[in-house]
$ cat coords-v6.pdb   # PDB, C-alpha atoms
ATOM      1  CA  MET A   6      39.051  12.310   2.687  1.00  0.00           C
ATOM      2  CA  SER A   7      39.697  13.079   6.327  1.00  0.00           C
ATOM      3  CA  GLU A   8      40.396  10.337   8.862  1.00  0.00           C
ATOM      4  CA  ALA A   9      37.168  11.176  10.706  1.00  0.00           C
ATOM      5  CA  THR A  10      35.129  10.895   7.507  1.00  0.00           C
ATOM      6  CA  PHE A  11      36.717   7.574   6.527  1.00  0.00           C
ATOM      7  CA  ARG A  12      36.334   6.078  10.005  1.00  0.00           C
ATOM      8  CA  THR A  13      32.710   7.197  10.252  1.00  0.00           C
ATOM      9  CA  LEU A  14      31.952   5.929   6.747  1.00  0.00           C
ATOM     10  CA  LEU A  15      33.435   2.490   7.492  1.00  0.00           C
ATOM     11  CA  LEU A  16      31.526   2.092  10.741  1.00  0.00           C
ATOM     12  CA  PHE A  17      28.378   3.509   9.160  1.00  0.00           C
ATOM     13  CA  LEU A  18      28.496   0.964   6.321  1.00  0.00           C
ATOM     14  CA  TYR A  19      29.133  -1.905   8.718  1.00  0.00           C
ATOM     15  CA  GLY A  20      26.490  -0.758  11.208  1.00  0.00           C
ATOM     16  CA  THR A  21      23.722  -0.116   8.669  1.00  0.00           C
ATOM     17  CA  GLY A  22      24.406  -2.567   5.847  1.00  0.00           C
ATOM     18  CA  MET A  23      23.893   0.247   3.333  1.00  0.00           C
ATOM     19  CA  ARG A  24      25.299   0.248  -0.153  1.00  0.00           C
ATOM     20  CA  LEU A  25      28.266   2.602  -0.542  1.00  0.00           C
ATOM     21  CA  GLY A  26      26.425   4.735  -3.086  1.00  0.00           C
ATOM     22  CA  GLU A  27      23.453   5.087  -0.738  1.00  0.00           C
ATOM     23  CA  ALA A  28      25.684   6.313   2.078  1.00  0.00           C
ATOM     24  CA  LEU A  29      27.576   8.734  -0.160  1.00  0.00           C
ATOM     25  CA  ARG A  30      24.306  10.272  -1.421  1.00  0.00           C
ATOM     26  CA  LEU A  31      22.930  10.883   2.092  1.00  0.00           C
ATOM     27  CA  ARG A  32      22.345  14.481   3.060  1.00  0.00           C
ATOM     28  CA  VAL A  33      22.352  15.873   6.578  1.00  0.00           C
ATOM     29  CA  MET A  34      18.559  16.312   6.284  1.00  0.00           C
ATOM     30  CA  ASP A  35      18.227  12.535   5.801  1.00  0.00           C
ATOM     31  CA  LEU A  36      19.256  12.012   9.429  1.00  0.00           C
ATOM     32  CA  ASP A  37      16.770  12.160  12.265  1.00  0.00           C
ATOM     33  CA  LEU A  38      19.037  11.937  15.282  1.00  0.00           C
ATOM     34  CA  THR A  39      16.166  12.423  17.716  1.00  0.00           C
ATOM     35  CA  LEU A  40      14.725   9.086  16.521  1.00  0.00           C
ATOM     36  CA  ASP A  41      18.092   7.645  15.356  1.00  0.00           C
ATOM     37  CA  LEU A  42      16.757   7.030  11.847  1.00  0.00           C
ATOM     38  CA  VAL A  43      18.187   7.534   8.385  1.00  0.00           C
ATOM     39  CA  THR A  44      15.986   8.011   5.335  1.00  0.00           C
ATOM     40  CA  ILE A  45      17.445   6.553   2.174  1.00  0.00           C
ATOM     41  CA  ARG A  46      15.699   8.257  -0.731  1.00  0.00           C
ATOM     42  CA  ASP A  47      15.104   6.934  -4.227  1.00  0.00           C
ATOM     43  CA  THR A  48      17.598   4.136  -3.986  1.00  0.00           C
ATOM     44  CA  LYS A  49      17.970   1.048  -6.147  1.00  0.00           C
ATOM     45  CA  PHE A  50      14.589   0.092  -7.641  1.00  0.00           C
ATOM     46  CA  TYR A  51      13.497   3.735  -7.066  1.00  0.00           C
ATOM     47  CA  LYS A  52      12.163   3.321  -3.551  1.00  0.00           C
ATOM     48  CA  SER A  53      12.912   4.900  -0.232  1.00  0.00           C
ATOM     49  CA  ARG A  54      13.342   3.248   3.151  1.00  0.00           C
ATOM     50  CA  LEU A  55      14.088   4.020   6.782  1.00  0.00           C
ATOM     51  CA  VAL A  56      17.151   2.550   8.455  1.00  0.00           C
ATOM     52  CA  PRO A  57      17.513   2.682  12.246  1.00  0.00           C
ATOM     53  CA  LEU A  58      20.835   3.530  13.846  1.00  0.00           C
ATOM     54  CA  GLY A  59      21.995   1.639  16.915  1.00  0.00           C
ATOM     55  CA  PRO A  60      22.975   3.761  19.925  1.00  0.00           C
ATOM     56  CA  ASP A  61      26.740   3.474  19.352  1.00  0.00           C
ATOM     57  CA  LEU A  62      26.450   4.362  15.667  1.00  0.00           C
ATOM     58  CA  ALA A  63      24.063   7.250  16.390  1.00  0.00           C
ATOM     59  CA  ARG A  64      26.569   8.625  18.931  1.00  0.00           C
ATOM     60  CA  LEU A  65      29.391   8.297  16.380  1.00  0.00           C
ATOM     61  CA  VAL A  66      27.353  10.180  13.758  1.00  0.00           C
ATOM     62  CA  ARG A  67      26.551  12.950  16.248  1.00  0.00           C
ATOM     63  CA  GLU A  68      30.253  13.291  17.094  1.00  0.00           C
ATOM     64  CA  TYR A  69      31.133  13.291  13.384  1.00  0.00           C
ATOM     65  CA  LEU A  70      28.638  16.071  12.688  1.00  0.00           C
ATOM     66  CA  HIS A  71      30.219  18.187  15.424  1.00  0.00           C
ATOM     67  CA  GLN A  72      33.730  17.993  13.932  1.00  0.00           C
ATOM     68  CA  PRO A  73      35.352  21.413  13.471  1.00  0.00           C
ATOM     69  CA  GLY A  74      35.015  22.759   9.942  1.00  0.00           C
ATOM     70  CA  ARG A  75      32.048  20.565   8.948  1.00  0.00           C
ATOM     71  CA  ARG A  76      29.362  22.137   6.840  1.00  0.00           C
ATOM     72  CA  ASN A  77      26.122  20.702   8.194  1.00  0.00           C
ATOM     73  CA  GLN A  78      23.426  22.597   6.335  1.00  0.00           C
ATOM     74  CA  PRO A  79      20.463  20.258   5.694  1.00  0.00           C
ATOM     75  CA  TYR A  80      21.095  19.979   1.940  1.00  0.00           C
ATOM     76  CA  ARG A  81      24.841  19.204   2.367  1.00  0.00           C
ATOM     77  CA  LEU A  82      26.136  15.673   1.939  1.00  0.00           C
ATOM     78  CA  LEU A  83      26.747  13.709   5.121  1.00  0.00           C
ATOM     79  CA  PHE A  84      30.051  12.338   3.839  1.00  0.00           C
ATOM     80  CA  GLN A  85      31.980  15.156   2.203  1.00  0.00           C
ATOM     81  CA  ALA A  86      35.380  15.400   0.591  1.00  0.00           C
ATOM     82  CA  GLN A  87      37.808  17.708   2.385  1.00  0.00           C
ATOM     83  CA  SER A  88      36.816  20.400  -0.108  1.00  0.00           C
ATOM     84  CA  GLY A  89      33.227  20.121   1.130  1.00  0.00           C
ATOM     85  CA  GLY A  90      32.099  18.611  -2.171  1.00  0.00           C
ATOM     86  CA  PRO A  91      30.877  15.106  -2.920  1.00  0.00           C
ATOM     87  CA  LEU A  92      33.015  12.181  -1.852  1.00  0.00           C
ATOM     88  CA  ALA A  93      33.716  10.008  -4.891  1.00  0.00           C
ATOM     89  CA  VAL A  94      33.130   6.244  -4.757  1.00  0.00           C
ATOM     90  CA  GLN A  95      36.616   5.736  -6.189  1.00  0.00           C
ATOM     91  CA  VAL A  96      38.195   7.740  -3.334  1.00  0.00           C
ATOM     92  CA  ALA A  97      36.372   5.631  -0.744  1.00  0.00           C
ATOM     93  CA  ASP A  98      37.298   2.378  -2.510  1.00  0.00           C
ATOM     94  CA  THR A  99      40.950   3.402  -2.890  1.00  0.00           C
ATOM     95  CA  SER A 100      41.159   4.457   0.769  1.00  0.00           C
ATOM     96  CA  PHE A 101      39.683   1.115   1.826  1.00  0.00           C
ATOM     97  CA  SER A 102      42.139  -0.814  -0.365  1.00  0.00           C
ATOM     98  CA  ARG A 103      45.034   1.123   1.142  1.00  0.00           C
ATOM     99  CA  LEU A 104      43.784   0.474   4.692  1.00  0.00           C
ATOM    100  CA  ARG A 105      43.237  -3.199   3.904  1.00  0.00           C
ATOM    101  CA  ARG A 106      46.815  -3.566   2.638  1.00  0.00           C
ATOM    102  CA  ILE A 107      48.261  -1.715   5.660  1.00  0.00           C
ATOM    103  CA  ALA A 108      46.245  -3.950   8.017  1.00  0.00           C
ATOM    104  CA  GLY A 109      47.337  -7.068   6.112  1.00  0.00           C
ATOM    105  CA  ILE A 110      43.771  -8.137   5.316  1.00  0.00           C
ATOM    106  CA  GLU A 111      43.696 -10.166   2.155  1.00  0.00           C
ATOM    107  CA  ARG A 112      42.216 -13.284   0.695  1.00  0.00           C
ATOM    108  CA  ARG A 113      44.818 -15.987   0.403  1.00  0.00           C
ATOM    109  CA  ASP A 114      42.820 -18.456  -1.647  1.00  0.00           C
ATOM    110  CA  ASP A 115      42.824 -18.521  -5.434  1.00  0.00           C
ATOM    111  CA  SER A 116      40.273 -15.725  -5.657  1.00  0.00           C
ATOM    112  CA  TYR A 117      41.133 -12.811  -7.882  1.00  0.00           C
ATOM    113  CA  PHE A 118      39.096 -10.396  -5.761  1.00  0.00           C
ATOM    114  CA  GLN A 119      40.228  -8.911  -2.469  1.00  0.00           C
ATOM    115  CA  PRO A 120      37.847  -7.625   0.252  1.00  0.00           C
ATOM    116  CA  ARG A 121      35.917  -4.522  -0.813  1.00  0.00           C
ATOM    117  CA  LEU A 122      33.865  -1.878   0.964  1.00  0.00           C
ATOM    118  CA  HIS A 123      30.728  -3.534  -0.433  1.00  0.00           C
ATOM    119  CA  ASP A 124      31.632  -6.671   1.526  1.00  0.00           C
ATOM    120  CA  LEU A 125      30.713  -4.802   4.721  1.00  0.00           C
ATOM    121  CA  ARG A 126      27.109  -5.140   3.518  1.00  0.00           C
ATOM    122  CA  HIS A 127      27.530  -8.911   3.338  1.00  0.00           C
ATOM    123  CA  THR A 128      29.147  -8.912   6.783  1.00  0.00           C
ATOM    124  CA  PHE A 129      26.260  -6.902   8.198  1.00  0.00           C
ATOM    125  CA  ALA A 130      23.698  -9.413   6.857  1.00  0.00           C
ATOM    126  CA  VAL A 131      25.585 -12.478   8.114  1.00  0.00           C
ATOM    127  CA  HIS A 132      26.193 -10.941  11.549  1.00  0.00           C
ATOM    128  CA  ARG A 133      22.506 -10.002  11.855  1.00  0.00           C
ATOM    129  CA  LEU A 134      21.445 -13.556  10.978  1.00  0.00           C
ATOM    130  CA  THR A 135      24.003 -15.057  13.370  1.00  0.00           C
ATOM    131  CA  GLU A 136      22.783 -12.812  16.183  1.00  0.00           C
ATOM    132  CA  TRP A 137      19.175 -13.818  15.560  1.00  0.00           C
ATOM    133  CA  TYR A 138      20.191 -17.466  15.908  1.00  0.00           C
ATOM    134  CA  ARG A 139      22.022 -16.649  19.158  1.00  0.00           C
ATOM    135  CA  GLU A 140      18.903 -14.888  20.452  1.00  0.00           C
ATOM    136  CA  ASN A 141      16.805 -17.929  19.508  1.00  0.00           C
ATOM    137  CA  ALA A 142      14.663 -15.660  17.323  1.00  0.00           C
ATOM    138  CA  ASP A 143      12.344 -16.932  14.598  1.00  0.00           C
ATOM    139  CA  VAL A 144      14.836 -16.537  11.753  1.00  0.00           C
ATOM    140  CA  GLN A 145      12.399 -17.651   9.039  1.00  0.00           C
ATOM    141  CA  ARG A 146       9.935 -14.968  10.115  1.00  0.00           C
ATOM    142  CA  LEU A 147      12.672 -12.307  10.322  1.00  0.00           C
ATOM    143  CA  LEU A 148      14.356 -12.967   6.966  1.00  0.00           C
ATOM    144  CA  PRO A 149      11.775 -10.913   5.016  1.00  0.00           C
ATOM    145  CA  ALA A 150      12.443  -8.017   7.425  1.00  0.00           C
ATOM    146  CA  LEU A 151      16.193  -8.274   6.727  1.00  0.00           C
ATOM    147  CA  SER A 152      15.438  -8.303   3.017  1.00  0.00           C
ATOM    148  CA  THR A 153      13.327  -5.142   3.305  1.00  0.00           C
ATOM    149  CA  TYR A 154      15.919  -3.493   5.544  1.00  0.00           C
ATOM    150  CA  LEU A 155      18.607  -4.091   2.916  1.00  0.00           C
ATOM    151  CA  GLY A 156      16.325  -2.657   0.219  1.00  0.00           C
ATOM    152  CA  HIS A 157      15.811  -5.911  -1.643  1.00  0.00           C
ATOM    153  CA  VAL A 158      12.651  -6.751  -3.544  1.00  0.00           C
ATOM    154  CA  SER A 159      12.894 -10.477  -2.801  1.00  0.00           C
ATOM    155  CA  LEU A 160      14.443 -12.983  -0.420  1.00  0.00           C
ATOM    156  CA  SER A 161      16.478 -14.435  -3.278  1.00  0.00           C
ATOM    157  CA  ALA A 162      18.298 -11.098  -3.589  1.00  0.00           C
ATOM    158  CA  THR A 163      19.156 -11.303   0.114  1.00  0.00           C
ATOM    159  CA  GLN A 164      20.381 -14.913  -0.121  1.00  0.00           C
ATOM    160  CA  ARG A 165      23.500 -13.905  -2.015  1.00  0.00           C
ATOM    161  CA  TYR A 166      24.566 -11.855   1.026  1.00  0.00           C
ATOM    162  CA  LEU A 167      24.259 -14.779   3.431  1.00  0.00           C
ATOM    163  CA  THR A 168      27.590 -16.538   3.140  1.00  0.00           C
ATOM    164  CA  MET A 169      27.989 -19.469   5.503  1.00  0.00           C
ATOM    165  CA  THR A 170      30.584 -18.625   8.130  1.00  0.00           C
ATOM    166  CA  PRO A 171      31.765 -20.936  10.923  1.00  0.00           C
ATOM    167  CA  GLU A 172      29.822 -18.852  13.480  1.00  0.00           C
ATOM    168  CA  LEU A 173      26.623 -18.899  11.425  1.00  0.00           C
ATOM    169  CA  LEU A 174      26.955 -22.635  10.774  1.00  0.00           C
ATOM    170  CA  GLU A 175      27.462 -23.301  14.489  1.00  0.00           C
ATOM    171  CA  GLN A 176      24.346 -21.314  15.409  1.00  0.00           C
ATOM    172  CA  ALA A 177      22.255 -22.981  12.683  1.00  0.00           C
ATOM    173  CA  ASN A 178      23.483 -26.412  13.830  1.00  0.00           C
ATOM    174  CA  ARG A 179      22.493 -25.624  17.423  1.00  0.00           C
ATOM    175  CA  ARG A 180      19.035 -24.608  16.254  1.00  0.00           C
ATOM    176  CA  PHE A 181      18.676 -27.790  14.204  1.00  0.00           C
ATOM    177  CA  GLU A 182      19.871 -29.889  17.138  1.00  0.00           C
ATOM    178  CA  GLN A 183      17.304 -28.266  19.421  1.00  0.00           C
ATOM    179  CA  TYR A 184      14.626 -28.978  16.842  1.00  0.00           C
ATOM    180  CA  THR A 185      15.564 -32.632  16.363  1.00  0.00           C
ATOM    181  CA  CYS A 186      16.018 -33.278  20.079  1.00  0.00           C
ATOM    182  CA  GLY A 187      12.751 -31.549  20.952  1.00  0.00           C
ATOM    183  CA  GLY A 188      14.484 -28.827  22.960  1.00  0.00           C
ATOM    184  CA  ARG A 189      16.345 -31.312  25.177  1.00  0.00           C
ATOM    185  CA  ARG A 190      20.056 -31.019  25.764  1.00  0.00           C
TER
END

$ encode --input "coords-v6.pdb" --output "structure tokens"
Amino acid sequence: MSEATFRTLLLFLYGTGMRLGEALRLRVMDLDLTLDLVTIRDTKFYKSRLVPLGPDLARLVREYLHQPGRRNQPYRLLFQAQSGGPLAVQVADTSFSRLRRIAGIERRDDSYFQPRLHDLRHTFAVHRLTEWYRENADVQRLLPALSTYLGHVSLSATQRYLTMTPELLEQANRRFEQYTCGGRR
């Protein structure tokens, strides 16, 4: 896998919250870069959904598609191996593990598992929730939207992605404090 493909894939996963398999199955025709939308077709639970791209991620994807030697016919995969064929999940996972070790990113607790590419999906969900708290948005009203965005059929499926982080806890505590103090403070 080329450096440009790996970098774009990592940022794409983080910026969209997609499952790795969903991203690797995307075809160039699934991108609408005039509207900055991605169509994920027949995903888990056999449904399709639209995923918006933020301006920075849309710009990155445009730049990626204009790399020399890319084959961008509509039916071609967005993320291709250097041969132009499909990029295997195992190649992406192995590349991420190698990068993680080089960067010195590892869990130091008693956990058997080290960070994985799929964890970017969890990070996306937690960061979205944290940002909603910062924006003073109606988080309870927005949670079903996050669930739909992630392609879940229920809120309980989304809950497992919402790990409590110090930043999320701080924002939730601020919201609770505002509620209990009646907005004073």

$ residues_around --input "coords-v6.pdb" --residues "range 172-175 of chain A" --least-positions-apart "3" --cutoff "8 Å" --atoms "only C-alpha atoms" --output "list in words"
Val131, His132, Leu134, Thr135, Tyr138, Met169, Asn178 and Arg179 of chain A

$ write_last_selection --input "coords-v6.pdb" --atoms "C-alpha atoms" --output "compact mmCIF listing (two decimals), in the frame of the given file"
# COMPACT_ATOMS: atom_id res chain seq x y z
CA VAL A 131 25.58 -12.48 8.11
CA HIS A 132 26.19 -10.94 11.55
CA LEU A 134 21.44 -13.56 10.98
CA THR A 135 24.00 -15.06 13.37
CA TYR A 138 20.19 -17.47 15.91
CA MET A 169 27.99 -19.47 5.50
CA ASN A 178 23.48 -26.41 13.83
CA ARG A 179 22.49 -25.62 17.42

$ residues_near_point --input "coords-v6.pdb" --point "(40.2, -4.7, -5.8)" --cutoff "9 Å" --atoms "only C-alpha atoms" --output "ChimeraX atom specification"
/A:98-99,102,117-121

$ atom_distance --input "coords-v6.pdb" --atom1 "CA of Asp143 in chain A" --atom2 "CA of Arg54 in chain A"
23.2 Å

$ resolve_selection --input "coords-v6.pdb" --expression "the PyMOL selection byres ((chain A and resi 92) around 12)" --output "NGL selection string"
:A and (6-7 or 10-11 or 14 or 25-32 or 81-91 or 93-100)

$ write_last_selection --input "coords-v6.pdb" --atoms "C-alpha atoms" --output "PDB file, in the frame of the given file"
ATOM      1  CA  MET A   6      39.051  12.310   2.687  1.00  0.00           C
ATOM      2  CA  SER A   7      39.697  13.079   6.327  1.00  0.00           C
ATOM      3  CA  THR A  10      35.129  10.895   7.507  1.00  0.00           C
ATOM      4  CA  PHE A  11      36.717   7.574   6.527  1.00  0.00           C
ATOM      5  CA  LEU A  14      31.952   5.929   6.747  1.00  0.00           C
ATOM      6  CA  LEU A  25      28.266   2.602  -0.542  1.00  0.00           C
ATOM      7  CA  GLY A  26      26.425   4.735  -3.086  1.00  0.00           C
ATOM      8  CA  GLU A  27      23.453   5.087  -0.738  1.00  0.00           C
ATOM      9  CA  ALA A  28      25.684   6.313   2.078  1.00  0.00           C
ATOM     10  CA  LEU A  29      27.576   8.734  -0.160  1.00  0.00           C
ATOM     11  CA  ARG A  30      24.306  10.272  -1.421  1.00  0.00           C
ATOM     12  CA  LEU A  31      22.930  10.883   2.092  1.00  0.00           C
ATOM     13  CA  ARG A  32      22.345  14.481   3.060  1.00  0.00           C
ATOM     14  CA  ARG A  81      24.841  19.204   2.367  1.00  0.00           C
ATOM     15  CA  LEU A  82      26.136  15.673   1.939  1.00  0.00           C
ATOM     16  CA  LEU A  83      26.747  13.709   5.121  1.00  0.00           C
ATOM     17  CA  PHE A  84      30.051  12.338   3.839  1.00  0.00           C
ATOM     18  CA  GLN A  85      31.980  15.156   2.203  1.00  0.00           C
ATOM     19  CA  ALA A  86      35.380  15.400   0.591  1.00  0.00           C
ATOM     20  CA  GLN A  87      37.808  17.708   2.385  1.00  0.00           C
ATOM     21  CA  SER A  88      36.816  20.400  -0.108  1.00  0.00           C
ATOM     22  CA  GLY A  89      33.227  20.121   1.130  1.00  0.00           C
ATOM     23  CA  GLY A  90      32.099  18.611  -2.171  1.00  0.00           C
ATOM     24  CA  PRO A  91      30.877  15.106  -2.920  1.00  0.00           C
ATOM     25  CA  ALA A  93      33.716  10.008  -4.891  1.00  0.00           C
ATOM     26  CA  VAL A  94      33.130   6.244  -4.757  1.00  0.00           C
ATOM     27  CA  GLN A  95      36.616   5.736  -6.189  1.00  0.00           C
ATOM     28  CA  VAL A  96      38.195   7.740  -3.334  1.00  0.00           C
ATOM     29  CA  ALA A  97      36.372   5.631  -0.744  1.00  0.00           C
ATOM     30  CA  ASP A  98      37.298   2.378  -2.510  1.00  0.00           C
ATOM     31  CA  THR A  99      40.950   3.402  -2.890  1.00  0.00           C
ATOM     32  CA  SER A 100      41.159   4.457   0.769  1.00  0.00           C
TER      33      SER A 100
END

$ atom_distance --input "coords-v6.pdb" --atom1 "CA of Phe129 in chain A" --atom2 "CA of Glu111 in chain A"
18.7 Å

$ resolve_selection --input "coords-v6.pdb" --expression "the PyMOL selection byres ((chain A and resi 167) around 12)" --output "PyMOL selection string"
chain A and resi 124-135+148+151-152+160-166+168-170+173-174

$ write_last_selection --input "coords-v6.pdb" --atoms "C-alpha atoms" --output "PDB file, in the coordinates of the input"
ATOM      1  CA  ASP A 124      31.632  -6.671   1.526  1.00  0.00           C
ATOM      2  CA  LEU A 125      30.713  -4.802   4.721  1.00  0.00           C
ATOM      3  CA  ARG A 126      27.109  -5.140   3.518  1.00  0.00           C
ATOM      4  CA  HIS A 127      27.530  -8.911   3.338  1.00  0.00           C
ATOM      5  CA  THR A 128      29.147  -8.912   6.783  1.00  0.00           C
ATOM      6  CA  PHE A 129      26.260  -6.902   8.198  1.00  0.00           C
ATOM      7  CA  ALA A 130      23.698  -9.413   6.857  1.00  0.00           C
ATOM      8  CA  VAL A 131      25.585 -12.478   8.114  1.00  0.00           C
ATOM      9  CA  HIS A 132      26.193 -10.941  11.549  1.00  0.00           C
ATOM     10  CA  ARG A 133      22.506 -10.002  11.855  1.00  0.00           C
ATOM     11  CA  LEU A 134      21.445 -13.556  10.978  1.00  0.00           C
ATOM     12  CA  THR A 135      24.003 -15.057  13.370  1.00  0.00           C
ATOM     13  CA  LEU A 148      14.356 -12.967   6.966  1.00  0.00           C
ATOM     14  CA  LEU A 151      16.193  -8.274   6.727  1.00  0.00           C
ATOM     15  CA  SER A 152      15.438  -8.303   3.017  1.00  0.00           C
ATOM     16  CA  LEU A 160      14.443 -12.983  -0.420  1.00  0.00           C
ATOM     17  CA  SER A 161      16.478 -14.435  -3.278  1.00  0.00           C
ATOM     18  CA  ALA A 162      18.298 -11.098  -3.589  1.00  0.00           C
ATOM     19  CA  THR A 163      19.156 -11.303   0.114  1.00  0.00           C
ATOM     20  CA  GLN A 164      20.381 -14.913  -0.121  1.00  0.00           C
ATOM     21  CA  ARG A 165      23.500 -13.905  -2.015  1.00  0.00           C
ATOM     22  CA  TYR A 166      24.566 -11.855   1.026  1.00  0.00           C
ATOM     23  CA  THR A 168      27.590 -16.538   3.140  1.00  0.00           C
ATOM     24  CA  MET A 169      27.989 -19.469   5.503  1.00  0.00           C
ATOM     25  CA  THR A 170      30.584 -18.625   8.130  1.00  0.00           C
ATOM     26  CA  LEU A 173      26.623 -18.899  11.425  1.00  0.00           C
ATOM     27  CA  LEU A 174      26.955 -22.635  10.774  1.00  0.00           C
TER      28      LEU A 174
END

$ resolve_selection --input "coords-v6.pdb" --expression "the PyMOL selection byres ((chain A and resi 55) around 12)" --output "PyMOL selection string"
chain A and resi 21+23+35-37+40-48+52-54+56-58+153-156

$ closest_residue --input "coords-v6.pdb" --among "A:Arg112, A:Arg180, A:His123, A:Arg12" --to "Glu140 in chain A" --atoms "only C-alpha atoms"
A:Arg180

$ axis_aligned_box --input "coords-v6.pdb" --around "range 12-30 of chain A" --padding-each-side "4 Å" --output "AutoDock Vina command-line options"
--center_x 29.9 --center_y 3.9 --center_z 4.1 --size_x 20.9 --size_y 20.8 --size_z 22.3

$ atom_distance --input "coords-v6.pdb" --atom1 "CA of Arg67 in chain A" --atom2 "CA of Phe17 in chain A"
11.9 Å

$ build_atoms --input "coords-v6.pdb" --residues "range 132-147 of chain A" --atoms "N, CA and C atoms" --output "PDB file, in the frame of the given file"
ATOM      1  N   HIS A 132      26.159 -11.189  10.101  1.00  0.00           N
ATOM      2  CA  HIS A 132      26.193 -10.941  11.549  1.00  0.00           C
ATOM      3  C   HIS A 132      24.790 -10.788  12.124  1.00  0.00           C
ATOM      4  N   ARG A 133      23.890 -10.143  11.381  1.00  0.00           N
ATOM      5  CA  ARG A 133      22.506 -10.002  11.855  1.00  0.00           C
ATOM      6  C   ARG A 133      21.847 -11.378  11.988  1.00  0.00           C
ATOM      7  N   LEU A 134      22.022 -12.209  10.969  1.00  0.00           N
ATOM      8  CA  LEU A 134      21.445 -13.556  10.978  1.00  0.00           C
ATOM      9  C   LEU A 134      22.035 -14.392  12.111  1.00  0.00           C
ATOM     10  N   THR A 135      23.334 -14.323  12.292  1.00  0.00           N
ATOM     11  CA  THR A 135      24.003 -15.057  13.370  1.00  0.00           C
ATOM     12  C   THR A 135      23.468 -14.624  14.730  1.00  0.00           C
ATOM     13  N   GLU A 136      23.298 -13.324  14.907  1.00  0.00           N
ATOM     14  CA  GLU A 136      22.783 -12.812  16.183  1.00  0.00           C
ATOM     15  C   GLU A 136      21.351 -13.277  16.426  1.00  0.00           C
ATOM     16  N   TRP A 137      20.548 -13.319  15.393  1.00  0.00           N
ATOM     17  CA  TRP A 137      19.175 -13.818  15.560  1.00  0.00           C
ATOM     18  C   TRP A 137      19.186 -15.270  16.028  1.00  0.00           C
ATOM     19  N   TYR A 138      20.080 -16.073  15.451  1.00  0.00           N
ATOM     20  CA  TYR A 138      20.191 -17.466  15.908  1.00  0.00           C
ATOM     21  C   TYR A 138      20.597 -17.513  17.379  1.00  0.00           C
ATOM     22  N   ARG A 139      21.580 -16.684  17.756  1.00  0.00           N
ATOM     23  CA  ARG A 139      22.022 -16.649  19.158  1.00  0.00           C
ATOM     24  C   ARG A 139      20.883 -16.267  20.097  1.00  0.00           C
ATOM     25  N   GLU A 140      20.030 -15.357  19.637  1.00  0.00           N
ATOM     26  CA  GLU A 140      18.903 -14.888  20.452  1.00  0.00           C
ATOM     27  C   GLU A 140      17.725 -15.860  20.424  1.00  0.00           C
ATOM     28  N   ASN A 141      17.873 -16.941  19.669  1.00  0.00           N
ATOM     29  CA  ASN A 141      16.805 -17.929  19.508  1.00  0.00           C
ATOM     30  C   ASN A 141      15.555 -17.299  18.879  1.00  0.00           C
ATOM     31  N   ALA A 142      15.765 -16.335  18.006  1.00  0.00           N
ATOM     32  CA  ALA A 142      14.663 -15.660  17.323  1.00  0.00           C
ATOM     33  C   ALA A 142      14.125 -16.540  16.195  1.00  0.00           C
ATOM     34  N   ASP A 143      12.958 -16.218  15.718  1.00  0.00           N
ATOM     35  CA  ASP A 143      12.344 -16.932  14.598  1.00  0.00           C
ATOM     36  C   ASP A 143      12.959 -16.405  13.302  1.00  0.00           C
ATOM     37  N   VAL A 144      14.057 -17.018  12.893  1.00  0.00           N
ATOM     38  CA  VAL A 144      14.836 -16.537  11.753  1.00  0.00           C
ATOM     39  C   VAL A 144      14.010 -16.548  10.471  1.00  0.00           C
ATOM     40  N   GLN A 145      13.207 -17.584  10.258  1.00  0.00           N
ATOM     41  CA  GLN A 145      12.399 -17.651   9.039  1.00  0.00           C
ATOM     42  C   GLN A 145      11.404 -16.489   8.963  1.00  0.00           C
ATOM     43  N   ARG A 146      10.866 -16.093  10.094  1.00  0.00           N
ATOM     44  CA  ARG A 146       9.935 -14.968  10.115  1.00  0.00           C
ATOM     45  C   ARG A 146      10.669 -13.641   9.912  1.00  0.00           C
ATOM     46  N   LEU A 147      11.922 -13.557  10.383  1.00  0.00           N
ATOM     47  CA  LEU A 147      12.672 -12.307  10.322  1.00  0.00           C
ATOM     48  C   LEU A 147      13.403 -12.080   8.996  1.00  0.00           C
TER      49      LEU A 147
END
